[in-house]
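Here is the structure we will look at.
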Amino acid sequence: MLENQVIQSVGFRNIKEDGKVTGFQFRVRIPYYRGIFLCQLRPGSLFVDGKKFEKDQIIWNVNGKDHTAEEMVSDRETHWAVTEPAVIKVKLDGGLEQGFHDLKFGFCFTSSYMPPIMQENLDPDQDPPFIMPEFGHHIHTRRMLIV
Amino acid sequence: MYQYDKKGPKRGIALYSYSAEFGITKNLEDCFQDMYDMGAHGLEILANTHIENYPNPSEEWIAEWFRLLDKYEIIPVEYGNWIDSHMLGYRDLTTEESYELLARDIRLAHRLGFTVMRTKMPVISSALDPVENWREIIKMALPLAEECGIKMCPEIHAPTNLDSQMVRNFVEFIEETGTKNFGLNIDFGVFRNNFDNEPEHRNNFMGSKPEEIIPLLPYVYCCHAKFNHMSDDFEETTIPYKEVVDIMKEHNWDGYLLSEYEGWDKYDPGYEVGQTLRKHHIMLKRYLGD
């Protein structure tokens with residue numbers, strides 16, 4: 001079972017490769033009532049303690065496989081389920097320092113059955129003017145601890 | 001497999017209702033247990049939500065699926081799918097590509113024992129008009145649907161009502177092709193005649209009269225029993241349920257009414273949609289029998 005918040009507290013840690021800390025990762029669930037194919041995803045930016053990471057610096061690991069923002073644009077096969085959080089990975093030499101970090105992360109997704117007027121201006125880095133609970137927010141924040 | 005032989009309108013649940021709780025406090029079996037408590041035998045799932053590892057579930061998951069259906073006396077009625085032909089954003093899927101999505105769902109629905117699909121069309125306007133090539137996509141899929149015993153049904157949902165060009169177009173298609181594999185899912189929200197609690201949802205919508213469903217009944221293979229507000233004495237206060245259900249009984253309509261709760265309050269912390277569904281099923285049980 002998942003946490004109700006989109007950014008999950010379980011899964012937030014630094015990434016260690018060959019004994020060296022090379023970045024950090026955390027998990028997000030999709031705040032929608034159905035899963036999506038990755039081409040429906042509109043990935044946005046991440047802010048950690050105010051420092052910005054562009055979508056092209058962020059890897060989305062879905063179903064155990066890494067995907068770049070560019071790869072996801074035309075991916076009609078990989079399905080991100082509501083019950084399987086995506087792992088968000090960011091390269092950062094030395095990772096994040098021990099202690100609290102404020103995360104702010106944006107993403108959204110398209111729906112073919114919604115009126116085009118609501119689909120044309122989707123911005124992952126800005127909340128929509130009108131929040132519908134079953135489509136959720138675009139911007140997600142959470143304060144979490146790195147050990 | 002469990003059999004349920006009752007004729008006429010029967011009770012069921014659209015698992016969409018659990019959207020705020022699924023994967024967070026409830027899994028598939030929890031939802032099935034809730035249905036069993038209510039004596040609701042008909043099931044609608046959403047393919048992209050409730051099938052583990054969709055669109056490629058494992059053999060183990062499918063075996064477990066049938067075990068759970070049997071255990072909780074559930075009939076797999078309607079498989080909710082989407083023709084997501086705007087999925088890419090930078091171009092629409094071709095008719096052939098859209099058909100491939102649909103064909104994959106028809107095969108999977110059949111494999112899981114379903115007989116009806118709620119086939120959500122991609123739209124091109126605020127009035128929810130379907131894409132211009134919807135006839136071509138559906139025509140291409142008719143032979144496979146026939147082979148698999150599947151009836152594809154777009155959902156007629158407010159702000160569309162029964163007396164609309166969209167419904168006339170669907171009926172014309174059914175009559176021209178003579179197909180038994182394409183029909184309608186009527187969402188009971190089309191009958192809504194009371195907006196006192198949510199005036200903002202009216203938007204000039206004029207609900208259909210219950211009797212307007214009569215000429216459509218031969219093409220209706222499933223209904224979303226949408227409900228908005230249940231009173232403390234278990235009446236739905238926004239939709240003339242008894243009138244609609246009585247008409248369906250009188251005309252010997254045989255199929256499932258799948259309770260669907262869409263109220264946004266279900267996302268409030270601590271909300272239990274199962275309790276809301278139980279209120280609806282007390283009403284339906286009084287109207288329909290067990």
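Each chain in the structure tokens gets a letter, A, B and so on, in the order shown; residues start at 1 in every chain, and ligands are counted from 1 in the order they appear.
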Checklist line | Spatial neighbours of His50 of chain B, 10 Å, only C-alpha atoms, chain gap at least 6 places, as a PyMOL selection string | finding: (chain A and resi 33-35+81-83) or (chain B and resi 15-16+22-23+27-28+44+80)
What does the file look like for those residues with N, CA and C atoms, as a PDB file, in the first residue's frame?
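What landed in selection.pdb:
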```
ATOM      1  N   TYR A  33      -6.921   8.336 -11.116  1.00  0.00           N
ATOM      2  CA  TYR A  33      -7.610   7.086 -10.798  1.00  0.00           C
ATOM      3  C   TYR A  33      -7.262   5.961 -11.765  1.00  0.00           C
ATOM      4  N   ARG A  34      -6.428   6.257 -12.757  1.00  0.00           N
ATOM      5  CA  ARG A  34      -5.988   5.180 -13.640  1.00  0.00           C
ATOM      6  C   ARG A  34      -4.516   5.393 -13.973  1.00  0.00           C
ATOM      7  N   GLY A  35      -3.866   4.308 -14.395  1.00  0.00           N
ATOM      8  CA  GLY A  35      -2.476   4.436 -14.804  1.00  0.00           C
ATOM      9  C   GLY A  35      -2.385   5.092 -16.171  1.00  0.00           C
ATOM     10  N   ALA A  81       1.470   2.333 -13.353  1.00  0.00           N
ATOM     11  CA  ALA A  81       0.248   1.950 -12.633  1.00  0.00           C
ATOM     12  C   ALA A  81       0.036   2.802 -11.383  1.00  0.00           C
ATOM     13  N   VAL A  82      -1.217   2.910 -10.965  1.00  0.00           N
ATOM     14  CA  VAL A  82      -1.524   3.698  -9.763  1.00  0.00           C
ATOM     15  C   VAL A  82      -0.949   3.064  -8.501  1.00  0.00           C
ATOM     16  N   THR A  83      -0.706   1.765  -8.561  1.00  0.00           N
ATOM     17  CA  THR A  83      -0.227   1.060  -7.373  1.00  0.00           C
ATOM     18  C   THR A  83       1.294   0.921  -7.325  1.00  0.00           C
TER      19      THR A  83
ATOM     20  N   LEU B  15     -15.809  -0.255  -9.748  1.00  0.00           N
ATOM     21  CA  LEU B  15     -14.698  -0.070  -8.794  1.00  0.00           C
ATOM     22  C   LEU B  15     -14.063   1.315  -8.880  1.00  0.00           C
ATOM     23  N   TYR B  16     -14.371   2.029  -9.945  1.00  0.00           N
ATOM     24  CA  TYR B  16     -13.947   3.432 -10.030  1.00  0.00           C
ATOM     25  C   TYR B  16     -14.326   4.173  -8.748  1.00  0.00           C
ATOM     26  N   PHE B  22      -8.134   3.143  -3.477  1.00  0.00           N
ATOM     27  CA  PHE B  22      -7.472   1.992  -4.103  1.00  0.00           C
ATOM     28  C   PHE B  22      -5.957   2.181  -4.127  1.00  0.00           C
ATOM     29  N   GLY B  23      -5.243   1.184  -3.621  1.00  0.00           N
ATOM     30  CA  GLY B  23      -3.779   1.253  -3.606  1.00  0.00           C
ATOM     31  C   GLY B  23      -3.244   1.969  -2.377  1.00  0.00           C
ATOM     32  N   ASN B  27      -7.017  -2.867  -1.412  1.00  0.00           N
ATOM     33  CA  ASN B  27      -6.579  -3.559  -2.626  1.00  0.00           C
ATOM     34  C   ASN B  27      -7.801  -4.192  -3.287  1.00  0.00           C
ATOM     35  N   LEU B  28      -7.550  -4.932  -4.361  1.00  0.00           N
ATOM     36  CA  LEU B  28      -8.673  -5.501  -5.117  1.00  0.00           C
ATOM     37  C   LEU B  28      -9.550  -6.395  -4.238  1.00  0.00           C
ATOM     38  N   GLU B  44     -17.601  -3.806 -12.435  1.00  0.00           N
ATOM     39  CA  GLU B  44     -16.883  -3.081 -13.484  1.00  0.00           C
ATOM     40  C   GLU B  44     -15.506  -2.718 -12.943  1.00  0.00           C
ATOM     41  N   GLY B  80     -13.673  -1.392 -18.187  1.00  0.00           N
ATOM     42  CA  GLY B  80     -13.528   0.003 -18.602  1.00  0.00           C
ATOM     43  C   GLY B  80     -12.217   0.213 -19.340  1.00  0.00           C
TER      44      GLY B  80
END
```
Item checked: Who sits within 9 Å of Arg143 of chain A, only C-alpha atoms, same chain under 5 positions skipped, as an MDAnalysis selection string -> chainID A and resid 9 100:104
Can I get the selection written as a PDB file, in the first residue's frame, with C-alpha atoms?
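File produced: part_33.pdb:
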```pdb
ATOM      1  CA  SER A   9       8.515   9.329   2.400  1.00  0.00           C
ATOM      2  CA  PHE A 100      15.767  17.882   6.289  1.00  0.00           C
ATOM      3  CA  HIS A 101      15.144  18.782   2.641  1.00  0.00           C
ATOM      4  CA  ASP A 102      12.230  20.597   1.070  1.00  0.00           C
ATOM      5  CA  LEU A 103      11.155  18.977  -2.185  1.00  0.00           C
ATOM      6  CA  LYS A 104       8.896  20.560  -4.771  1.00  0.00           C
TER       7      LYS A 104
END
```
Next item on the list: Check the DSSP output for the backbone and give back, as a PyMOL selection string, the residues of chain A in helix (DSSP H, G or I).
Entry: chain A and resi 38-40+55-57+69-72+116-119
Hey, list the chain B side of the contact with chain A: 6 Å cut-off, only C-alpha atoms, answer as a tab-separated table (two decimals) with N, CA, C and O atoms, in the first residue's frame.
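Output (result_34.tsv):
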```tsv
chain	number	residue	atom	x	y	z
B	19	SER	N	-11.77	5.12	-6.13
B	19	SER	CA	-10.53	5.70	-6.65
B	19	SER	C	-9.68	6.42	-5.62
B	19	SER	O	-8.46	6.46	-5.75
B	23	GLY	N	-5.24	1.18	-3.62
B	23	GLY	CA	-3.78	1.25	-3.61
B	23	GLY	C	-3.24	1.97	-2.38
B	23	GLY	O	-2.05	1.94	-2.11
B	24	ILE	N	-4.13	2.64	-1.63
B	24	ILE	CA	-3.68	3.38	-0.45
B	24	ILE	C	-4.18	2.67	0.81
B	24	ILE	O	-3.38	2.28	1.65
B	48	ASN	N	-6.91	0.05	-16.80
B	48	ASN	CA	-5.64	0.70	-16.52
B	48	ASN	C	-5.42	0.93	-15.03
B	48	ASN	O	-4.42	1.54	-14.65
B	49	THR	N	-6.37	0.52	-14.20
B	49	THR	CA	-6.25	0.74	-12.76
B	49	THR	C	-6.15	-0.58	-12.00
B	49	THR	O	-5.28	-0.75	-11.16
B	84	ASP	N	-7.18	5.90	-26.22
B	84	ASP	CA	-6.41	7.12	-25.91
B	84	ASP	C	-5.69	7.64	-27.15
B	84	ASP	O	-4.46	7.73	-27.16
B	86	HIS	N	-5.29	10.50	-28.34
B	86	HIS	CA	-4.53	11.76	-28.22
B	86	HIS	C	-3.31	11.58	-27.31
B	86	HIS	O	-2.75	12.54	-26.82
B	87	MET	N	-2.94	10.33	-27.05
B	87	MET	CA	-1.94	10.08	-26.01
B	87	MET	C	-0.58	10.74	-26.28
B	87	MET	O	0.13	11.08	-25.35
B	88	LEU	N	-0.23	10.89	-27.53
B	88	LEU	CA	1.10	11.43	-27.85
B	88	LEU	C	1.17	12.95	-27.70
B	88	LEU	O	2.22	13.50	-27.41
B	122	PRO	N	-12.01	9.10	-27.45
B	122	PRO	CA	-11.25	10.36	-27.38
B	122	PRO	C	-12.13	11.48	-27.92
B	122	PRO	O	-12.91	11.26	-28.86
B	123	VAL	N	-12.06	12.66	-27.34
B	123	VAL	CA	-12.98	13.72	-27.73
B	123	VAL	C	-12.26	14.87	-28.43
B	123	VAL	O	-11.05	15.03	-28.31
B	125	SER	N	-14.09	18.12	-28.63
B	125	SER	CA	-14.76	19.39	-28.32
B	125	SER	C	-15.20	19.42	-26.86
B	125	SER	O	-15.22	18.38	-26.19
B	126	SER	N	-15.57	20.62	-26.42
B	126	SER	CA	-16.05	20.75	-25.04
B	126	SER	C	-17.39	20.07	-24.85
B	126	SER	O	-17.80	19.77	-23.73
```
Next item on the list: Please indicate the distance in Å from atom CA of Phe114 of chain B to atom CA of Gly8 of chain B, rounded to one decimal place.
Entry: 18.5 Å
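Atom CA of Trp60 of chain A is positioned 18.6 Å from atom CA of Asp93 of chain A.
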Give me the residues near Met35 of chain B as a short mmCIF file (atom, residue, chain, number, x, y, z; two decimals) with all heavy atoms, in the first residue's frame, where near means some atom within 9 Å (using only C-alpha atoms) and where sequence neighbours in that chain fewer than 4 positions away do not count.
```
data_model
loop_
_atom_site.label_atom_id
_atom_site.label_comp_id
_atom_site.auth_asym_id
_atom_site.auth_seq_id
_atom_site.Cartn_x
_atom_site.Cartn_y
_atom_site.Cartn_z
N GLY B 12 -24.72 -4.03 -9.16
CA GLY B 12 -23.28 -4.18 -9.31
C GLY B 12 -22.55 -2.93 -8.86
O GLY B 12 -23.17 -1.94 -8.46
N ILE B 13 -21.23 -2.99 -8.93
CA ILE B 13 -20.39 -1.88 -8.45
C ILE B 13 -19.33 -1.56 -9.50
O ILE B 13 -18.69 -2.47 -10.04
CB ILE B 13 -19.63 -2.28 -7.15
CG1 ILE B 13 -20.60 -2.66 -6.03
CG2 ILE B 13 -18.66 -1.18 -6.73
CD1 ILE B 13 -21.11 -1.55 -5.19
N ASP B 30 -10.02 -6.31 -1.03
CA ASP B 30 -10.82 -5.50 -0.08
C ASP B 30 -12.09 -5.00 -0.75
O ASP B 30 -13.18 -5.01 -0.15
CB ASP B 30 -10.02 -4.29 0.42
CG ASP B 30 -8.79 -4.69 1.22
OD1 ASP B 30 -8.86 -5.69 1.94
OD2 ASP B 30 -7.77 -3.98 1.12
N CYS B 31 -11.96 -4.54 -2.00
CA CYS B 31 -13.14 -4.04 -2.73
C CYS B 31 -14.13 -5.18 -2.96
O CYS B 31 -15.35 -5.01 -2.81
CB CYS B 31 -12.73 -3.44 -4.07
SG CYS B 31 -11.61 -2.03 -3.93
N GLY B 39 -23.90 -7.83 -1.29
CA GLY B 39 -24.63 -8.72 -2.19
C GLY B 39 -24.69 -8.19 -3.61
O GLY B 39 -25.63 -8.44 -4.36
N ALA B 40 -23.66 -7.43 -3.98
CA ALA B 40 -23.58 -6.88 -5.34
C ALA B 40 -22.77 -7.86 -6.18
O ALA B 40 -21.59 -8.10 -5.90
CB ALA B 40 -22.90 -5.51 -5.31
N HIS B 41 -23.39 -8.42 -7.21
CA HIS B 41 -22.71 -9.48 -7.98
C HIS B 41 -22.02 -8.97 -9.23
O HIS B 41 -21.18 -9.67 -9.79
CB HIS B 41 -23.71 -10.58 -8.35
CG HIS B 41 -24.25 -11.30 -7.16
ND1 HIS B 41 -23.49 -12.16 -6.41
CD2 HIS B 41 -25.49 -11.29 -6.58
CE1 HIS B 41 -24.23 -12.66 -5.42
NE2 HIS B 41 -25.44 -12.13 -5.50
N GLY B 42 -22.41 -7.80 -9.74
CA GLY B 42 -21.84 -7.32 -11.00
C GLY B 42 -20.63 -6.42 -10.77
O GLY B 42 -20.65 -5.57 -9.87
N LEU B 43 -19.61 -6.59 -11.59
CA LEU B 43 -18.38 -5.83 -11.40
C LEU B 43 -17.98 -5.05 -12.65
O LEU B 43 -18.02 -5.58 -13.76
CB LEU B 43 -17.24 -6.82 -11.08
CG LEU B 43 -15.82 -6.24 -11.05
CD1 LEU B 43 -15.63 -5.33 -9.83
CD2 LEU B 43 -14.78 -7.37 -11.01
N TYR B 72 -15.91 -14.48 -3.99
CA TYR B 72 -16.83 -13.41 -3.59
C TYR B 72 -18.07 -13.33 -4.48
O TYR B 72 -18.80 -12.34 -4.42
CB TYR B 72 -16.06 -12.07 -3.56
CG TYR B 72 -14.96 -12.10 -2.52
CD1 TYR B 72 -13.63 -12.23 -2.89
CD2 TYR B 72 -15.28 -12.06 -1.17
CE1 TYR B 72 -12.62 -12.30 -1.92
CE2 TYR B 72 -14.28 -12.13 -0.19
CZ TYR B 72 -12.96 -12.25 -0.59
OH TYR B 72 -11.97 -12.33 0.36
N ILE B 74 -18.73 -13.01 -7.74
CA ILE B 74 -18.73 -11.82 -8.58
C ILE B 74 -18.71 -12.20 -10.06
O ILE B 74 -17.96 -13.09 -10.47
CB ILE B 74 -17.53 -10.92 -8.23
CG1 ILE B 74 -17.77 -10.29 -6.84
CG2 ILE B 74 -17.31 -9.84 -9.28
CD1 ILE B 74 -16.59 -9.55 -6.29
N GLY B 274 -17.17 2.97 0.68
CA GLY B 274 -17.95 1.75 0.87
C GLY B 274 -19.26 2.03 1.61
O GLY B 274 -20.30 1.44 1.31
N ARG B 278 -22.97 1.43 0.20
CA ARG B 278 -23.96 0.62 0.92
C ARG B 278 -25.32 1.32 0.98
O ARG B 278 -26.36 0.69 0.86
CB ARG B 278 -23.45 0.30 2.34
CG ARG B 278 -22.40 -0.80 2.33
CD ARG B 278 -21.67 -0.93 3.66
NE ARG B 278 -20.48 -1.73 3.48
CZ ARG B 278 -20.24 -2.89 4.11
NH1 ARG B 278 -21.09 -3.35 5.00
NH2 ARG B 278 -19.14 -3.57 3.87
#
```
Note to self: Neighbouring residues of Arg168 of chain B were defined as those with any atom within 12 Å, considering only C-alpha atoms; residues of the same chain fewer than 4 positions away were excluded. Please report them as a PyMOL selection string.
What the structure shows: chain B and resi 156+160-164+172-176+183-184+215-216+219
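Atom CA of Trp264 of chain B to atom CA of Phe130 of chain A spans 13.3 Å [interatomic distance, one decimal].
Counting only C-alpha atoms, Pro269 of chain B has the following residues at most 10 Å away, ignoring those fewer than 3 positions along the same chain: Asn4 of chain A; Ala20, Asp265, Lys266 and Glu272 of chain B.
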Please write the residues from the selection above to a file, keeping C-alpha atoms, as a PDB file, in the first residue's frame.
```
ATOM      1  CA  ASN A   4      -1.620   9.181   0.480  1.00  0.00           C
TER       2      ASN A   4
ATOM      3  CA  ALA B  20      -9.476   7.717  -3.602  1.00  0.00           C
ATOM      4  CA  ASP B 265     -15.884  14.490  -1.115  1.00  0.00           C
ATOM      5  CA  LYS B 266     -14.614  10.935  -1.502  1.00  0.00           C
ATOM      6  CA  GLU B 272     -15.060   5.604   3.241  1.00  0.00           C
TER       7      GLU B 272
END
```
Next item on the list: Using backbone DSSP assignments, extract all strand (DSSP E) residues from segment 41-274 of chain B; output them as a PyMOL selection string.
Entry: chain B and resi 42-46+75-82+116-120+151-153+155-156+184-187+220-227+255-261
Check: Which residues come within 12 Å of Leu108 of chain B, counting only C-alpha atoms, excluding same-chain residues fewer than 3 positions away, as an NGL selection string?
Finding: :B and (47-48 or 51 or 54-58 or 62 or 79-81 or 101-105 or 111-117 or 144-145 or 148 or 150)
Check: Can you tell me, as a PyMOL selection string, what residues are no more than 9 Å from segment 241-254 of chain B when counting only C-alpha atoms, ignoring any on the same chain fewer than 2 positions away?
Finding: chain B and resi 6-10+188+191+209-211+213-214+217-218+220-222+235-239+256+284+287-288
Next item on the list: Check the smallest atom-to-atom distance from each of A:Ile30, A:Leu96, A:Leu145, A:Ile139 to Asn14 of chain A using only C-alpha atoms, then report the winner.
Entry: A:Leu96
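Remark: for Glu54 of chain A, the closest of the candidate residues A:Glu71, A:Lys91, A:Ile7, A:Gln98 is A:Lys91 (distances computed over only C-alpha atoms).
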